[in-house]
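Undergrad: Just dropping this structure here.
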Amino acid sequence: MTVVVIGDALIDELRDDSGVREFVGGAALNVAVGLTRLGVPATLVAMLGDDEPASRVRHYLDDYGVGLLATPSLHGTARAVSTRTGGGEPTYVFNEASQRRRIRFGDAERKAMTDADLVVVSCFAFDDAEQTAELADAITAAEASVAVDPNPRTGMLHDKDEFVRGFERLAAGASLVKVGEDDAALLYGDRLDALRARLIDLGARAVLATEGAAGATIEADGTVVTRPISTLPGRIVDTMGAGDAAFAATIAALVTDEPSGSDYWGAVLQAAMDAAAATCRFEGALLRTPSALAALDPDSVGT
């Protein structure tokens with residue numbers, strides 16, 4: 001089974017009381033890498049500049065066996081600066097490349113989508129109507145099944161109403177849609193359970209609704225299953241990438257098994273919660289599974 005992931009690739013710059021650190025990241029990139037770590041071949045379609053950060057992204061993808069179809073960026077490689085001080089909530093600043101992101105869908109991208117078992121879209125510029133139309137047309141031409149995570153970012157969002165229209169255009173009939181509490185509040189000013197119901201009514205076949213420390217819910221096939229955050233050894237070091245890990249684990253299950261009933265979805269959600277919890281035991285957004293913790297002393301996890 002193969003998956004094409006469309007969305008962002010960037011440098012995450014983390015600033016906190018202990019200093020400044022940089023990671024290769026981006027929600028779409030995290031999902032693509034997570035899939036390969038779960039044994040699902042993946043290709044990433046993303047925008048990159050002609051600069052040193054782009055070289056780091058390319059090497060990182062090579063290290064994890066992720067294919068890349070890159071759209072050139074006139075503004076360099078995207079960067080997100082996250083500042084966390086005094087234990088408070090992080091604040092984010094995005095560079096010009098992030099704010100003016102643009103992906104092109106040429107022959108290579110369209111062929112990859114046609115050949116894939118699933119097309120995943122995460123952190124896409126849905127408020128760019130022209131770009132969204134190109135994506136939707138390419139997916140339709142490829143006759144591809146789709147999974148979508150809107151992943152809106154306040155610092156990159158230009159038109160909320162247009163973003164919602166573009167997102168819902170792909171969500172209607174999607175095999176899987178992932179949304180979180182922040183998405184529901186930012187895009188709809190509503191509760192997560194209300195957004196989950198809206199997406200099911202639009203025709204999404206399965207909705208993964210992540211609720212942070214409260215766990216997550218999957219609604220699909222007329223059934224609803226809920227799981228808490230998994231309890232694993234070690235302390236929580238960094239929550240960045242937890243949602244991407246849960247999304248990747250759910251996608252991996254969808255492309256390897258035929259969805260069927262509450263027991264199936266319960267097992268899928270448990271695996272997703274395990275991956276999210278394990279990822280949080282390490283700094284950065286690289287997907288981890290509980291097996292990564294097995295040989296570690298609980299007090300040393302994340303070091």
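Numbering starts fresh at 1 for the residues of each chain in the structure tokens, the chains themselves are lettered A, B, ... in the order given, and ligands are numbered from 1 as they appear.
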Go through stretch 25-84 of chain A and collect every residue that DSSP, computed from the backbone, puts in strand (DSSP E or B); the answer should be as a PyMOL selection string.
TA: chain A and resi 25+42-48+67-72+78-84
Undergrad: Restricting the output to N, CA, C and O atoms, write the selected residues as a PDB file, in the first residue's frame.
TA:
```pdb
ATOM      1  N   GLY A  25      10.266  19.718  10.271  1.00  0.00           N
ATOM      2  CA  GLY A  25       8.892  19.455  10.668  1.00  0.00           C
ATOM      3  C   GLY A  25       7.886  19.834   9.603  1.00  0.00           C
ATOM      4  O   GLY A  25       8.176  19.851   8.413  1.00  0.00           O
ATOM      5  N   ALA A  42       5.440   6.128   1.667  1.00  0.00           N
ATOM      6  CA  ALA A  42       4.795   7.432   1.512  1.00  0.00           C
ATOM      7  C   ALA A  42       5.651   8.360   0.662  1.00  0.00           C
ATOM      8  O   ALA A  42       6.879   8.318   0.696  1.00  0.00           O
ATOM      9  N   THR A  43       4.955   9.222  -0.085  1.00  0.00           N
ATOM     10  CA  THR A  43       5.584  10.291  -0.857  1.00  0.00           C
ATOM     11  C   THR A  43       4.991  11.614  -0.400  1.00  0.00           C
ATOM     12  O   THR A  43       3.771  11.724  -0.240  1.00  0.00           O
ATOM     13  N   LEU A  44       5.843  12.601  -0.185  1.00  0.00           N
ATOM     14  CA  LEU A  44       5.399  13.922   0.260  1.00  0.00           C
ATOM     15  C   LEU A  44       5.411  14.898  -0.907  1.00  0.00           C
ATOM     16  O   LEU A  44       6.400  15.001  -1.635  1.00  0.00           O
ATOM     17  N   VAL A  45       4.301  15.610  -1.077  1.00  0.00           N
ATOM     18  CA  VAL A  45       4.204  16.710  -2.040  1.00  0.00           C
ATOM     19  C   VAL A  45       4.174  18.001  -1.228  1.00  0.00           C
ATOM     20  O   VAL A  45       3.235  18.244  -0.471  1.00  0.00           O
ATOM     21  N   ALA A  46       5.228  18.820  -1.363  1.00  0.00           N
ATOM     22  CA  ALA A  46       5.345  20.008  -0.521  1.00  0.00           C
ATOM     23  C   ALA A  46       6.167  21.072  -1.239  1.00  0.00           C
ATOM     24  O   ALA A  46       6.788  20.811  -2.277  1.00  0.00           O
ATOM     25  N   MET A  47       6.181  22.261  -0.656  1.00  0.00           N
ATOM     26  CA  MET A  47       6.925  23.390  -1.199  1.00  0.00           C
ATOM     27  C   MET A  47       8.255  23.526  -0.466  1.00  0.00           C
ATOM     28  O   MET A  47       8.303  23.463   0.758  1.00  0.00           O
ATOM     29  N   LEU A  48       9.351  23.721  -1.227  1.00  0.00           N
ATOM     30  CA  LEU A  48      10.670  23.920  -0.623  1.00  0.00           C
ATOM     31  C   LEU A  48      11.412  25.024  -1.365  1.00  0.00           C
ATOM     32  O   LEU A  48      11.257  25.192  -2.580  1.00  0.00           O
ATOM     33  N   GLY A  67       9.551   9.533  -0.203  1.00  0.00           N
ATOM     34  CA  GLY A  67       9.723  10.164  -1.493  1.00  0.00           C
ATOM     35  C   GLY A  67       9.319  11.628  -1.430  1.00  0.00           C
ATOM     36  O   GLY A  67       8.541  12.030  -0.561  1.00  0.00           O
ATOM     37  N   LEU A  68       9.840  12.441  -2.331  1.00  0.00           N
ATOM     38  CA  LEU A  68       9.540  13.873  -2.321  1.00  0.00           C
ATOM     39  C   LEU A  68       9.259  14.368  -3.729  1.00  0.00           C
ATOM     40  O   LEU A  68      10.022  14.116  -4.660  1.00  0.00           O
ATOM     41  N   LEU A  69       8.151  15.098  -3.877  1.00  0.00           N
ATOM     42  CA  LEU A  69       7.839  15.868  -5.080  1.00  0.00           C
ATOM     43  C   LEU A  69       7.715  17.313  -4.621  1.00  0.00           C
ATOM     44  O   LEU A  69       6.740  17.687  -3.967  1.00  0.00           O
ATOM     45  N   ALA A  70       8.728  18.120  -4.933  1.00  0.00           N
ATOM     46  CA  ALA A  70       8.820  19.462  -4.357  1.00  0.00           C
ATOM     47  C   ALA A  70       8.415  20.534  -5.347  1.00  0.00           C
ATOM     48  O   ALA A  70       8.851  20.533  -6.507  1.00  0.00           O
ATOM     49  N   THR A  71       7.584  21.468  -4.871  1.00  0.00           N
ATOM     50  CA  THR A  71       7.270  22.692  -5.601  1.00  0.00           C
ATOM     51  C   THR A  71       8.285  23.757  -5.204  1.00  0.00           C
ATOM     52  O   THR A  71       8.468  24.013  -4.009  1.00  0.00           O
ATOM     53  N   PRO A  72       8.982  24.394  -6.171  1.00  0.00           N
ATOM     54  CA  PRO A  72       9.949  25.443  -5.821  1.00  0.00           C
ATOM     55  C   PRO A  72       9.259  26.639  -5.159  1.00  0.00           C
ATOM     56  O   PRO A  72       8.149  27.014  -5.535  1.00  0.00           O
ATOM     57  N   ALA A  78       9.848  27.245   4.247  1.00  0.00           N
ATOM     58  CA  ALA A  78       8.980  27.713   5.330  1.00  0.00           C
ATOM     59  C   ALA A  78       9.631  27.476   6.686  1.00  0.00           C
ATOM     60  O   ALA A  78      10.386  26.516   6.883  1.00  0.00           O
ATOM     61  N   ARG A  79       9.316  28.365   7.629  1.00  0.00           N
ATOM     62  CA  ARG A  79       9.848  28.269   8.990  1.00  0.00           C
ATOM     63  C   ARG A  79       8.769  28.702   9.973  1.00  0.00           C
ATOM     64  O   ARG A  79       8.064  29.687   9.760  1.00  0.00           O
ATOM     65  N   ALA A  80       8.642  27.942  11.069  1.00  0.00           N
ATOM     66  CA  ALA A  80       7.731  28.294  12.163  1.00  0.00           C
ATOM     67  C   ALA A  80       8.551  28.468  13.424  1.00  0.00           C
ATOM     68  O   ALA A  80       9.288  27.559  13.831  1.00  0.00           O
ATOM     69  N   VAL A  81       8.446  29.637  14.047  1.00  0.00           N
ATOM     70  CA  VAL A  81       9.175  29.916  15.283  1.00  0.00           C
ATOM     71  C   VAL A  81       8.200  29.815  16.447  1.00  0.00           C
ATOM     72  O   VAL A  81       7.207  30.541  16.519  1.00  0.00           O
ATOM     73  N   SER A  82       8.478  28.871  17.342  1.00  0.00           N
ATOM     74  CA  SER A  82       7.636  28.647  18.518  1.00  0.00           C
ATOM     75  C   SER A  82       8.389  29.117  19.752  1.00  0.00           C
ATOM     76  O   SER A  82       9.497  28.636  20.034  1.00  0.00           O
ATOM     77  N   THR A  83       7.793  30.067  20.490  1.00  0.00           N
ATOM     78  CA  THR A  83       8.417  30.598  21.698  1.00  0.00           C
ATOM     79  C   THR A  83       7.626  30.138  22.913  1.00  0.00           C
ATOM     80  O   THR A  83       6.412  30.360  22.998  1.00  0.00           O
ATOM     81  N   ARG A  84       8.325  29.480  23.840  1.00  0.00           N
ATOM     82  CA  ARG A  84       7.677  28.973  25.056  1.00  0.00           C
ATOM     83  C   ARG A  84       8.483  29.466  26.249  1.00  0.00           C
ATOM     84  O   ARG A  84       9.629  29.070  26.434  1.00  0.00           O
TER      85      ARG A  84
END
```
Undergrad: Contacts of stretch 285-288 of chain A at 6 Å or less, counting only C-alpha atoms, minus same-chain residues fewer than 6 places along, as a ChimeraX atom specification?
TA: /A:34,240-241,245,275,278-279
Undergrad: Just asking: which residues within stretch 146-280 of chain A are alpha helix (DSSP H) according to DSSP, as a PyMOL selection string?
TA: chain A and resi 160-171+181-183+192-202+242-256+261-279
Undergrad: Find the nearest atom pair between each residue of stretch 111-149 of chain A and stretch 205-229 of chain A for residues within 12 Å, count only C-alpha atoms, give distances in Å to one decimal, sort rows by chain and ascending number, and present the table as a tab-separated table.
TA:
```
residue	atom	partner	partner_atom	distance
A:Ser145	CA	A:Arg205	CA	10.9
A:Val146	CA	A:Arg205	CA	10.4
A:Ala147	CA	A:Ala206	CA	9.3
A:Val148	CA	A:Val207	CA	9.6
A:Asp149	CA	A:Leu208	CA	9.4
```
Undergrad: If you count only C-alpha atoms, which residues fall within 9 Å of A:Glu22, apart from same-chain ones fewer than 6 positions away, as a VMD selection string?
TA: chain A and resid 11 to 15 284
Undergrad: State, in Å with one decimal place, the distance from atom CA of A:Ala276 to atom CA of A:Gly243.
TA: 6.5 Å
Undergrad: Between atom CA of A:Thr132 and atom CA of A:Met156, what is the spacing in Å?
TA: 15.3 Å
